[in-house]
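Content type compact mmCIF, C-alpha atoms, from the file start-v9.txt:
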```txt
# COMPACT_ATOMS: atom_id res chain seq x y z
CA MET A 1 -11.42 29.30 15.64
CA ASN A 2 -12.70 26.25 17.41
CA ARG A 3 -10.57 23.47 18.83
CA VAL A 4 -11.19 21.04 15.98
CA ALA A 5 -10.08 23.57 13.35
CA ARG A 6 -7.04 24.47 15.45
CA TRP A 7 -6.07 20.80 15.82
CA TRP A 8 -6.25 20.18 12.06
CA THR A 9 -4.25 23.29 11.17
CA GLU A 10 -1.71 23.48 13.98
CA PRO A 11 1.33 25.22 12.43
CA MET A 12 4.18 22.90 11.46
CA PRO A 13 7.67 23.66 10.11
CA LEU A 14 7.80 24.22 6.36
CA ALA A 15 11.26 22.63 6.34
CA ARG A 16 9.64 19.34 7.45
CA VAL A 17 7.34 19.43 4.44
CA ALA A 18 10.29 20.28 2.17
CA ALA A 19 12.21 17.24 3.44
CA PHE A 20 9.25 14.87 3.36
CA ARG A 21 8.33 15.99 -0.14
CA VAL A 22 11.74 14.99 -1.45
CA LEU A 23 11.47 11.57 0.25
CA ALA A 24 7.94 10.93 -1.03
CA TYR A 25 8.65 11.96 -4.61
CA LEU A 26 11.99 10.13 -4.78
CA PHE A 27 10.29 7.00 -3.45
CA ILE A 28 8.00 6.89 -6.50
CA PRO A 29 10.63 5.77 -9.05
CA ILE A 30 11.79 3.14 -6.53
CA ASP A 31 8.21 1.96 -6.03
CA VAL A 32 7.39 1.87 -9.74
CA LEU A 33 10.63 0.34 -10.99
CA LEU A 34 11.74 -1.86 -8.09
CA THR A 35 9.60 -2.56 -5.07
CA THR A 36 6.17 -2.75 -6.75
CA SER A 37 7.35 -3.60 -10.23
CA TRP A 38 4.47 -6.06 -10.69
CA VAL A 39 2.15 -3.16 -11.51
CA ALA A 40 4.00 -2.71 -14.80
CA TRP A 41 3.48 -6.41 -15.62
CA HIS A 42 -0.16 -5.52 -16.26
CA ALA A 43 0.99 -3.94 -19.51
CA ASP A 44 1.31 -7.49 -20.88
CA VAL A 45 -1.98 -8.79 -19.48
CA PRO A 46 -4.88 -8.81 -21.97
CA THR A 47 -7.51 -6.22 -21.05
CA ASP A 48 -10.16 -8.97 -20.84
CA LEU A 49 -8.67 -9.75 -17.42
CA TYR A 50 -9.12 -6.11 -16.30
CA GLN A 51 -11.77 -5.88 -13.57
CA PRO A 52 -12.54 -2.17 -13.20
CA LEU A 53 -12.91 -0.60 -9.75
CA ILE A 54 -15.85 1.68 -8.98
CA VAL A 55 -13.61 4.73 -9.40
CA GLY A 56 -12.47 3.49 -12.81
CA GLU A 57 -16.06 3.24 -13.99
CA LEU A 58 -17.23 6.49 -12.39
CA LEU A 59 -14.41 8.49 -13.96
CA ASN A 60 -14.55 6.44 -17.15
CA LEU A 61 -10.82 5.76 -16.91
CA PRO A 62 -9.26 4.30 -20.05
CA LEU A 63 -8.70 0.57 -20.57
CA PRO A 64 -5.14 -0.24 -19.47
CA THR A 65 -3.78 -1.28 -22.83
CA SER A 66 -0.10 -2.04 -23.08
CA ALA A 67 0.78 1.39 -24.48
CA PHE A 68 -1.31 3.15 -21.85
CA VAL A 69 0.33 1.33 -18.93
CA VAL A 70 3.82 2.00 -20.28
CA GLY A 71 2.92 5.66 -20.91
CA VAL A 72 1.59 6.21 -17.37
CA LYS A 73 4.63 4.45 -15.90
CA TRP A 74 7.26 6.65 -17.52
CA SER A 75 5.24 9.88 -17.21
CA LEU A 76 4.92 9.16 -13.52
CA VAL A 77 8.62 8.47 -13.01
CA VAL A 78 9.64 11.65 -14.84
CA ALA A 79 7.01 13.81 -13.12
CA ALA A 80 8.04 12.49 -9.68
CA LEU A 81 11.71 13.24 -10.31
CA LEU A 82 10.84 16.78 -11.43
CA ALA A 83 8.58 17.26 -8.40
CA ALA A 84 11.39 16.10 -6.10
CA THR A 85 13.36 19.20 -7.12
CA GLY A 86 10.75 21.30 -5.31
CA ARG A 87 10.01 23.38 -8.42
CA ALA A 88 6.40 24.30 -9.23
CA PRO A 89 5.23 22.33 -6.19
CA ARG A 90 1.53 22.85 -6.84
CA LEU A 91 1.47 22.03 -10.54
CA LEU A 92 3.94 19.13 -10.45
CA GLY A 93 2.45 17.86 -7.20
CA VAL A 94 -1.02 17.65 -8.73
CA VAL A 95 0.36 15.94 -11.86
CA VAL A 96 2.21 13.35 -9.75
CA PHE A 97 -0.88 12.70 -7.62
CA LEU A 98 -3.11 12.15 -10.66
CA LEU A 99 -0.59 9.87 -12.38
CA TYR A 100 0.07 7.88 -9.22
CA PHE A 101 -3.66 7.52 -8.64
CA GLU A 102 -4.09 6.12 -12.16
CA TRP A 103 -1.08 3.86 -11.55
CA MET A 104 -2.85 2.47 -8.50
CA VAL A 105 -6.03 1.93 -10.51
CA ILE A 106 -3.93 -0.10 -12.96
CA ALA A 107 -2.43 -1.99 -10.01
CA MET A 108 -5.65 -2.87 -8.19
CA SER A 109 -8.00 -3.70 -11.09
CA TYR A 110 -7.02 -7.31 -11.74
CA GLY A 111 -8.68 -9.16 -8.90
CA LYS A 112 -6.65 -8.06 -5.87
CA VAL A 113 -6.65 -4.82 -3.91
CA ASP A 114 -3.82 -3.94 -1.52
CA HIS A 115 -4.13 -1.69 1.51
CA ASP A 116 -0.65 -0.31 1.89
CA ARG A 117 -1.22 2.87 -0.18
CA PHE A 118 -3.92 4.85 1.58
CA ALA A 119 -1.64 7.13 3.60
CA PHE A 120 0.78 7.56 0.70
CA LEU A 121 -2.06 8.57 -1.64
CA VAL A 122 -3.28 11.04 0.96
CA ALA A 123 0.28 12.41 1.24
CA LEU A 124 0.52 12.91 -2.52
CA ALA A 125 -2.90 14.57 -2.53
CA VAL A 126 -2.09 17.08 0.22
CA LEU A 127 1.55 17.92 -0.57
CA PRO A 128 0.68 20.28 -3.46
CA THR A 129 -1.60 22.30 -1.17
CA VAL A 130 1.36 23.47 0.94
CA GLY A 131 2.92 25.33 -1.98
CA ALA A 132 6.47 26.59 -1.68
CA ALA A 133 8.42 25.01 1.18
CA ARG A 134 12.20 25.11 1.34
CA TRP A 135 14.69 23.26 3.50
CA GLY A 136 16.00 26.67 4.62
CA ASP A 137 12.58 27.92 5.73
CA ARG A 138 12.53 28.61 9.45
CA ALA A 139 8.87 29.47 9.63
CA ARG A 140 5.96 27.23 10.39
CA SER A 141 2.72 27.28 8.47
CA GLU A 142 -0.84 26.21 9.03
CA ALA A 143 -1.02 24.88 5.47
CA ALA A 144 1.93 22.61 6.28
CA GLY A 145 0.24 21.66 9.56
CA TRP A 146 -2.95 20.59 7.81
CA ALA A 147 -1.07 18.52 5.23
CA LEU A 148 1.05 16.71 7.82
CA ARG A 149 -2.00 16.16 10.03
CA CYS A 150 -3.90 14.57 7.13
CA VAL A 151 -1.06 12.11 6.53
CA GLN A 152 -0.82 11.29 10.23
CA VAL A 153 -4.55 10.62 10.43
CA ALA A 154 -4.35 8.44 7.29
CA VAL A 155 -1.51 6.41 8.82
CA MET A 156 -3.56 5.91 11.98
CA LEU A 157 -6.69 4.94 10.04
CA THR A 158 -4.78 2.30 8.07
CA TYR A 159 -4.29 0.44 11.35
CA PHE A 160 -7.53 1.28 13.10
CA LEU A 161 -9.77 0.47 10.15
CA ALA A 162 -7.84 -2.77 9.61
CA ALA A 163 -9.09 -3.81 13.07
CA TRP A 164 -12.59 -2.83 11.98
CA ALA A 165 -12.28 -4.97 8.85
CA LYS A 166 -11.17 -7.96 10.93
CA VAL A 167 -14.34 -7.74 13.00
CA ARG A 168 -16.49 -7.13 9.92
CA PHE A 169 -15.10 -9.93 7.76
CA GLY A 170 -13.57 -12.30 10.29
CA GLY A 171 -15.82 -11.76 13.29
CA TRP A 172 -14.85 -11.06 16.89
CA ASP A 173 -13.21 -14.49 17.04
CA TRP A 174 -10.72 -13.48 14.34
CA VAL A 175 -8.06 -13.38 17.05
CA THR A 176 -8.44 -17.08 17.87
CA GLY A 177 -8.39 -18.25 14.26
CA ALA A 178 -5.53 -19.49 12.13
CA THR A 179 -5.17 -16.47 9.85
CA LEU A 180 -1.47 -15.98 10.57
CA THR A 181 -0.84 -19.73 10.31
CA ARG A 182 -2.43 -19.62 6.89
CA ALA A 183 -0.27 -16.62 5.97
CA VAL A 184 2.93 -18.37 7.06
CA ILE A 185 2.01 -21.59 5.21
CA ARG A 186 1.29 -19.62 2.06
CA ARG A 187 4.21 -17.26 2.12
CA GLY A 188 6.33 -17.90 5.16
CA THR A 189 10.09 -17.40 5.00
CA ALA A 190 12.77 -19.58 6.56
CA LEU A 191 12.70 -17.07 9.43
CA ALA A 192 9.02 -17.70 10.10
CA ASP A 193 8.40 -21.38 9.37
CA TRP A 194 9.26 -22.50 12.92
CA THR A 195 6.26 -20.54 14.24
CA LEU A 196 3.97 -23.14 12.62
CA ASP A 197 5.05 -25.69 15.20
CA VAL A 198 3.99 -23.46 18.09
CA PRO A 199 0.23 -22.97 17.59
CA ASN A 200 -0.45 -20.57 20.45
CA LEU A 201 2.39 -18.32 19.39
CA LEU A 202 0.62 -17.13 16.25
CA VAL A 203 -2.70 -16.82 18.09
CA GLY A 204 -0.90 -14.66 20.64
CA ALA A 205 0.52 -12.61 17.80
CA GLN A 206 -3.02 -12.13 16.49
CA TRP A 207 -4.16 -10.82 19.87
CA LEU A 208 -1.21 -8.44 19.96
CA LEU A 209 -1.78 -7.23 16.40
CA PHE A 210 -5.49 -6.65 16.91
CA SER A 211 -4.92 -4.82 20.22
CA LEU A 212 -2.27 -2.56 18.73
CA GLU A 213 -4.55 -1.72 15.80
CA LEU A 214 -7.36 -0.79 18.19
CA LEU A 215 -4.94 1.39 20.16
CA SER A 216 -3.62 3.14 17.04
CA PRO A 217 -5.54 6.40 17.67
CA LEU A 218 -2.92 7.00 20.38
CA ILE A 219 -0.61 7.88 17.49
CA LEU A 220 -2.46 11.20 17.30
CA LEU A 221 -1.47 11.98 20.87
CA ALA A 222 2.25 11.87 20.07
CA ARG A 223 2.88 15.59 20.17
CA SER A 224 6.51 15.96 21.14
CA ASP A 225 9.21 15.23 18.60
CA ARG A 226 10.59 12.50 20.82
CA ALA A 227 7.22 10.76 21.12
CA ARG A 228 6.74 10.83 17.37
CA VAL A 229 10.20 9.41 16.72
CA ALA A 230 9.36 6.61 19.17
CA VAL A 231 6.01 5.89 17.51
CA VAL A 232 7.56 5.76 14.04
CA GLY A 233 10.36 3.53 15.36
CA LEU A 234 7.85 1.11 16.88
CA LEU A 235 5.74 0.95 13.73
CA VAL A 236 8.73 0.52 11.43
CA GLY A 237 9.86 -2.33 13.70
CA PHE A 238 6.47 -4.02 13.25
CA HIS A 239 6.68 -3.74 9.47
CA VAL A 240 10.25 -5.08 9.41
CA VAL A 241 9.22 -8.16 11.43
CA THR A 242 6.23 -8.71 9.12
CA TYR A 243 8.52 -8.50 6.12
CA ALA A 244 10.97 -10.99 7.62
CA GLY A 245 8.11 -13.40 8.32
CA ILE A 246 5.88 -13.28 5.26
CA THR A 247 7.68 -10.86 2.87
CA ILE A 248 4.83 -8.39 2.89
CA VAL A 249 5.92 -4.84 3.49
CA PHE A 250 3.71 -1.76 3.55
CA LEU A 251 6.49 0.31 2.01
CA PRO A 252 4.43 3.27 0.72
CA HIS A 253 2.72 3.39 4.10
CA VAL A 254 6.09 3.43 5.86
CA VAL A 255 7.23 6.30 3.63
CA ALA A 256 4.06 8.22 4.50
CA MET A 257 4.88 7.67 8.19
CA LEU A 258 8.18 9.49 7.71
CA SER A 259 6.16 12.72 7.52
CA MET A 260 5.79 12.47 11.30
CA LEU A 261 9.51 12.83 11.95
CA PRO A 262 11.06 16.20 12.87
CA TRP A 263 13.33 16.44 9.83
CA GLU A 264 13.93 20.16 10.42
CA ARG A 265 16.07 19.19 13.41
CA LEU A 266 18.66 17.66 11.11
CA ARG A 267 19.15 21.09 9.64
CA ARG A 268 19.59 22.60 13.07
CA ALA A 269 22.06 19.86 13.98
CA SER A 270 24.07 20.45 10.82
CA ALA A 271 23.97 24.20 11.42
CA ALA A 272 25.15 23.82 15.01
CA PRO A 273 28.90 24.25 14.36
CA VAL A 274 28.21 27.75 13.00
CA ALA A 275 26.95 29.00 16.33
CA PRO A 276 27.65 27.55 19.77
CA ALA A 277 24.78 25.43 21.02
CA TYR A 278 24.03 27.72 23.95
CA ALA A 279 23.47 30.63 21.56
CA LEU A 280 20.78 28.84 19.56
CA PRO A 281 17.33 30.28 19.97
CA PRO A 282 14.83 28.04 21.72
CA ALA A 283 13.09 25.49 19.51
CA PRO A 284 10.13 27.24 17.92
CA LEU A 285 7.82 24.26 18.41
CA ALA A 286 5.49 25.02 21.26
CA GLY A 287 5.40 22.18 23.72
CA ALA A 288 8.38 20.42 22.22
CA PRO A 289 11.07 19.19 24.58
CA PRO A 290 14.40 21.02 24.40
CA ALA A 291 16.72 19.79 21.69
CA ASN A 292 19.14 17.14 22.85
CA ALA A 293 22.63 18.48 23.23
CA MET B 1 18.54 37.22 4.42
CA ARG B 2 16.23 35.75 6.96
CA GLY B 3 16.90 35.99 10.65
CA PRO B 4 17.43 32.82 12.62
CA GLY B 5 14.59 30.82 13.98
CA VAL B 6 11.82 33.31 14.43
CA ASP B 7 10.17 33.91 11.07
CA GLN B 8 6.50 34.74 11.21
CA ASP B 9 4.26 31.68 11.04
CA SER B 10 2.05 31.78 7.96
CA THR B 11 -1.62 31.38 8.67
CA LEU B 12 -4.48 30.29 6.48
CA GLY B 13 -7.25 32.62 5.38
CA GLN B 14 -10.77 31.66 6.33
CA PRO B 15 -11.60 30.21 2.85
CA GLY B 16 -8.38 28.17 2.78
CA ARG B 17 -9.10 26.80 6.23
CA THR B 18 -12.72 25.97 5.44
CA VAL B 19 -11.88 24.21 2.18
CA ARG B 20 -9.21 22.12 3.92
CA LEU B 21 -11.45 21.10 6.79
CA LEU B 22 -14.24 20.21 4.38
CA ALA B 23 -11.89 18.15 2.21
CA ALA B 24 -10.69 16.23 5.26
CA ALA B 25 -14.28 15.66 6.37
CA VAL B 26 -15.33 14.36 2.94
CA VAL B 27 -12.40 11.91 2.70
CA LEU B 28 -13.02 10.73 6.27
CA ALA B 29 -16.71 10.20 5.52
CA LEU B 30 -16.00 8.26 2.30
CA THR B 31 -13.42 6.13 4.10
CA ALA B 32 -15.86 5.40 6.92
CA VAL B 33 -18.60 4.41 4.47
CA GLY B 34 -16.08 2.28 2.55
CA THR B 35 -14.94 0.50 5.69
CA VAL B 36 -18.41 -0.20 7.01
CA TRP B 37 -20.36 -1.05 3.85
CA ALA B 38 -18.20 -1.23 0.72
CA GLN B 39 -16.04 -3.95 -0.82
CA ASP B 40 -12.56 -3.94 -2.35
CA SER B 41 -13.94 -2.37 -5.51
CA ALA B 42 -14.25 0.93 -3.60
CA PHE B 43 -10.45 1.38 -3.59
CA PRO B 44 -8.92 3.67 -2.39
CA VAL B 45 -11.62 4.06 0.26
CA GLY B 46 -12.61 0.40 0.52
CA PRO B 47 -12.29 -1.68 3.69
CA PHE B 48 -8.74 -2.39 4.89
CA ARG B 49 -9.34 -6.09 4.70
CA MET B 50 -5.89 -7.59 4.22
CA TYR B 51 -5.78 -10.74 6.41
CA SER B 52 -9.16 -9.82 7.85
CA THR B 53 -10.91 -13.10 7.14
CA ARG B 54 -10.72 -15.74 9.82
CA SER B 55 -9.20 -19.10 9.04
CA GLY B 56 -10.47 -21.91 11.20
CA PRO B 57 -7.79 -23.90 13.06
CA ASP B 58 -9.03 -27.14 11.44
CA THR B 59 -9.78 -25.97 7.93
CA VAL B 60 -7.50 -26.55 4.98
CA VAL B 61 -5.22 -23.79 3.71
CA LYS B 62 -5.55 -23.28 -0.02
CA SER B 63 -2.71 -21.94 -2.16
CA THR B 64 -3.16 -21.42 -5.87
CA ARG B 65 -0.51 -21.74 -8.55
CA VAL B 66 -0.33 -21.85 -12.30
CA ASP B 67 1.26 -24.80 -14.11
CA GLY B 68 1.77 -25.03 -17.81
CA VAL B 69 2.87 -27.34 -20.58
CA ASN B 70 4.96 -25.73 -23.29
CA ALA B 71 5.19 -26.49 -26.99
CA LEU B 72 8.08 -28.88 -26.29
CA GLY B 73 5.82 -30.91 -24.04
CA ASP B 74 7.63 -29.86 -20.83
CA ARG B 75 5.48 -29.41 -17.73
CA ILE B 76 6.65 -26.23 -15.97
CA PRO B 77 5.56 -24.12 -13.01
CA ILE B 78 4.61 -20.61 -14.11
CA ASP B 79 5.46 -17.85 -11.66
CA GLU B 80 3.82 -14.48 -11.16
CA SER B 81 6.26 -12.47 -13.21
CA GLU B 82 5.74 -14.84 -16.14
CA THR B 83 1.97 -14.45 -16.27
CA GLY B 84 1.95 -10.79 -15.24
CA LEU B 85 -0.67 -11.63 -12.61
CA ARG B 86 0.06 -12.12 -8.92
CA ARG B 87 -1.19 -15.23 -7.15
CA ALA B 88 -3.80 -13.20 -5.29
CA GLU B 89 -5.02 -11.77 -8.58
CA ILE B 90 -5.47 -15.27 -10.01
CA GLU B 91 -7.31 -16.20 -6.81
CA GLY B 92 -9.42 -13.03 -7.04
CA GLN B 93 -10.56 -14.06 -10.52
CA LEU B 94 -10.68 -17.79 -9.79
CA GLY B 95 -14.47 -18.03 -9.98
CA ARG B 96 -14.45 -16.46 -13.41
CA LEU B 97 -11.57 -18.67 -14.61
CA VAL B 98 -13.26 -21.87 -13.40
CA ALA B 99 -16.57 -20.86 -14.97
CA ASP B 100 -14.90 -20.11 -18.29
CA PRO B 101 -11.53 -21.87 -18.62
CA THR B 102 -11.07 -20.43 -22.12
CA LEU B 103 -9.99 -17.27 -20.26
CA LEU B 104 -6.78 -19.16 -19.43
CA ALA B 105 -5.82 -18.58 -23.06
CA LEU B 106 -5.30 -14.96 -21.98
CA ILE B 107 -2.73 -16.14 -19.45
CA ALA B 108 -0.95 -18.09 -22.18
CA GLU B 109 -1.05 -14.87 -24.19
CA SER B 110 0.56 -12.75 -21.49
CA TYR B 111 3.13 -15.53 -20.90
CA ALA B 112 4.05 -15.31 -24.60
CA ARG B 113 4.35 -11.51 -24.39
CA ARG B 114 6.49 -11.64 -21.28
CA ASN B 115 8.67 -14.55 -22.46
CA PRO B 116 9.15 -14.00 -26.18
CA ASP B 117 12.26 -16.21 -26.24
CA ARG B 118 10.61 -19.29 -24.75
CA PRO B 119 8.34 -21.87 -26.37
CA PRO B 120 4.67 -20.88 -26.01
CA LEU B 121 2.30 -22.65 -23.65
CA THR B 122 -0.05 -25.23 -25.10
CA ARG B 123 -1.74 -25.97 -21.79
CA VAL B 124 -2.44 -23.82 -18.74
CA GLU B 125 -3.66 -25.23 -15.43
CA ILE B 126 -4.80 -23.54 -12.26
CA VAL B 127 -3.74 -25.86 -9.43
CA VAL B 128 -5.01 -25.46 -5.89
CA ARG B 129 -2.96 -27.03 -3.12
CA ARG B 130 -4.83 -27.83 0.09
CA ASP B 131 -2.65 -28.08 3.18
CA ASP B 132 -4.27 -29.95 6.04
CA LEU B 133 -4.49 -28.15 9.37
CA ARG B 134 -5.29 -29.66 12.81
CA GLY B 135 -5.59 -27.37 15.79
CA GLY B 136 -3.81 -24.63 13.87
CA VAL B 137 -0.84 -26.87 13.06
CA ARG B 138 0.04 -28.14 9.60
CA THR B 139 -0.24 -31.95 9.43
CA GLY B 140 2.06 -32.17 6.43
CA GLU B 141 -0.59 -33.74 4.26
CA PHE B 142 -1.74 -31.95 1.16
CA THR B 143 -3.62 -32.52 -2.07
CA ASP B 144 -3.21 -30.77 -5.40
CA THR B 145 -6.28 -30.30 -7.58
CA VAL B 146 -6.48 -28.90 -11.09
CA THR B 147 -9.49 -26.57 -10.84
CA ALA B 148 -9.34 -25.13 -14.33
CA ALA B 149 -7.41 -26.10 -17.45
CA TRP B 150 -7.15 -24.92 -21.02
CA ASP B 151 -5.54 -26.57 -24.04
CA ALA B 152 -4.43 -24.74 -27.14
CA GLU B 153 -6.18 -25.77 -30.31
CA PRO B 154 -3.98 -28.16 -32.22
CA VAL B 155 -2.18 -26.19 -34.93
CA ALA B 156 -4.77 -25.79 -37.66
CA ALA B 157 -4.10 -27.35 -41.03
CA GLU B 158 -3.71 -25.06 -44.01
CA PRO B 159 -7.14 -23.73 -44.83
CA VAL B 160 -8.65 -25.29 -47.93
CA SER B 161 -9.40 -22.54 -50.36
```

In structure tokens, how does this file's structure come out?
Amino acid sequence: MNRVARWWTEPMPLARVAAFRVLAYLFIPIDVLLTTSWVAWHADVPTDLYQPLIVGELLNLPLPTSAFVVGVKWSLVVAALLAATGRAPRLLGVVVFLLYFEWMVIAMSYGKVDHDRFAFLVALAVLPTVGAARWGDRARSEAAGWALRCVQVAVMLTYFLAAWAKVRFGGWDWVTGATLTRAVIRRGTALADWTLDVPNLLVGAQWLLFSLELLSPLILLARSDRARVAVVGLLVGFHVVTYAGITIVFLPHVVAMLSMLPWERLRRASAAPVAPAYALPPAPLAGAPPANA
Amino acid sequence: MRGPGVDQDSTLGQPGRTVRLLAAAVVLALTAVGTVWAQDSAFPVGPFRMYSTRSGPDTVVKSTRVDGVNALGDRIPIDESETGLRRAEIEGQLGRLVADPTLLALIAESYARRNPDRPPLTRVEIVVRRDDLRGGVRTGEFTDTVTAAWDAEPVAAEPVS
């Protein structure tokens, strides 16, 4: 097996997939009913304002009539809740992916496309391929490794390709423009309005943002649990600041990022009282630092 | 019952591994093509272009909103949840709406569906506010322009039979 294949399928704990699966599937009802509830508004919008995406035309997806949008919405919520139980992970996982994909087609076909869903869609696509994974599983699996790797790469690409798009659409001088000023004028909060009076501040922020996006492939180098916790913490911090400033939050993307965290350690921590810490076997993750006492 | 910590790792068979690597390669290739050549319509593999356009430090900042006049004659601002379309969606279809303002009747229609208890709209306006910018700082001056408007037909008289 060559190095590339080994990198993509490096074994990862099944318990991590089991935990992430519950988070991802439970997030869907929150997303549909609360945090992205505007998608469901499209049920009331006449279909003459529907502007089909390429994928909608290629697959001949149905016109989002009112009944269709409402039907997809509730099927998706029910399917996601069932999938969160961990039962029939392949079948329910595929059903949830297809319904969520259609939900996103309904979301993005009215004149505006968002970019906060790529990694979450990838996560929903790959989760069913892992098959059975239980919180109590102590083993690692290459199928789990591939799935988690795909999500990690998708998270990285969301940043890196955003830098690419800035050069493509904005030009290399994007960083010296007034894009963030425009964003704050259009949707700035009370927490962000003061930045408008300090012109170089937002230009500096643009330099920082663009540099961090270009450096995002470093995310793939975070191999130890501690490094990955730090990376996720840093990125979540960025998204929280963005939300405070212009009330845009890449919530599905942030949920996808949670797949990078070593959830299986929580189980070990909660199991610790059963056996004294010194009697625990060494962490099975090759190259991982010893668990913190 | 399973022993602690040292279960056998499960490995992939050669077909399973090949299919997975191919799937990853295909999605990566589509995403690369989407980023380099495609537009938003290629979702989910289109370019990640949120905030990617450059705004000049001395160009105006445009914000679009929808205003309406209801059957009582009140002029009211119409927010996103009332039309069912987000501001960016109105802006994304702005060219179409300006070219054919009768499409604004559809917005009045979704307003009626989403607000069945309120008087219907008899006029819908797309208003663009232009905030002045100098050296990346807002001057405080702005202008509002109605770029598209639609009026409901006056209630038709009883048809003559």

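Residue nearest chain B, chosen from A:Pro46, A:Gly136, A:Gly131, A:Gly71 and counting all atoms listed in the file: A:Pro46.
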
Should the cut-off be 7 Å, what would the residue list for chain A against chain B look like, counting only C-alpha atoms, as a VMD selection string? chain A and resid 41 to 42 44 to 46 53 to 55 110 to 113 115 118 138 to 143 158 161 to 162 165 to 166 169 to 170 174 177 to 179 181 to 182 186 196 to 197 199 281 284

Quick one: residues within 8 Å of region 84-96 of chain A, all atoms listed in the file counted, chain neighbours fewer than 4 positions away excluded, as a compact mmCIF listing (two decimals) with C-alpha atoms, in the coordinates of the input?
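part-v5.txt was written with the following content:
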```
# COMPACT_ATOMS: atom_id res chain seq x y z
CA ALA A 18 10.29 20.28 2.17
CA ARG A 21 8.33 15.99 -0.14
CA VAL A 22 11.74 14.99 -1.45
CA LEU A 23 11.47 11.57 0.25
CA TYR A 25 8.65 11.96 -4.61
CA LEU A 26 11.99 10.13 -4.78
CA LEU A 76 4.92 9.16 -13.52
CA ALA A 79 7.01 13.81 -13.12
CA ALA A 80 8.04 12.49 -9.68
CA TYR A 100 0.07 7.88 -9.22
CA LEU A 124 0.52 12.91 -2.52
CA ALA A 125 -2.90 14.57 -2.53
CA LEU A 127 1.55 17.92 -0.57
CA PRO A 128 0.68 20.28 -3.46
CA THR A 129 -1.60 22.30 -1.17
CA VAL A 130 1.36 23.47 0.94
CA GLY A 131 2.92 25.33 -1.98
CA ALA A 132 6.47 26.59 -1.68
CA ALA A 133 8.42 25.01 1.18
CA ARG A 134 12.20 25.11 1.34
```

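The space between CA of Leu235 (chain A) and CA of Ser259 (chain A) spans 13.3 Å.
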
Between A:Ala19, A:Val151, A:Ile219, A:Met12, which one has atoms that come closest to Arg117 (chain A), using all atoms listed in the file? A:Val151

Tell me which protein, DNA and RNA residues are within 12 Å of Thr242 (chain A), counting only C-alpha atoms, leaving out same-chain ones fewer than 6 positions away, and put them as a list in words. Leu180, Ala183, Val184, Arg187, Gly188, Thr189, Leu191, Ala192, Ala205, Leu209, Leu235, Val236, Ile248, Val249, Phe250 and Leu251 of chain A

Within 7 Å of Pro252 (chain A), counting all atoms listed in the file, which residues show up once you throw out same-chain ones fewer than 3 positions away? Write them as a list in words, please. Asp116, Arg117, Phe120, Val255 and Ala256 of chain A

Using all atoms listed in the file, the residue out of A:Val240, A:Gln152, A:Ala24, A:Ala43 with shortest distance to Leu221 (chain A) is A:Gln152

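Between CA of Asp144 (chain B) and CA of Val128 (chain B) the interatomic distance comes to 5.6 Å.
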
Could you check how far CA of Val32 (chain A) sits from CA of Val77 (chain A), in Å to one decimal? 7.5 Å

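Of the listed residues (B:Gly68, B:Pro154, B:Asp100, B:Gly73), B:Gly68 comes nearest to Glu125 (chain B); the distances count only C-alpha atoms.
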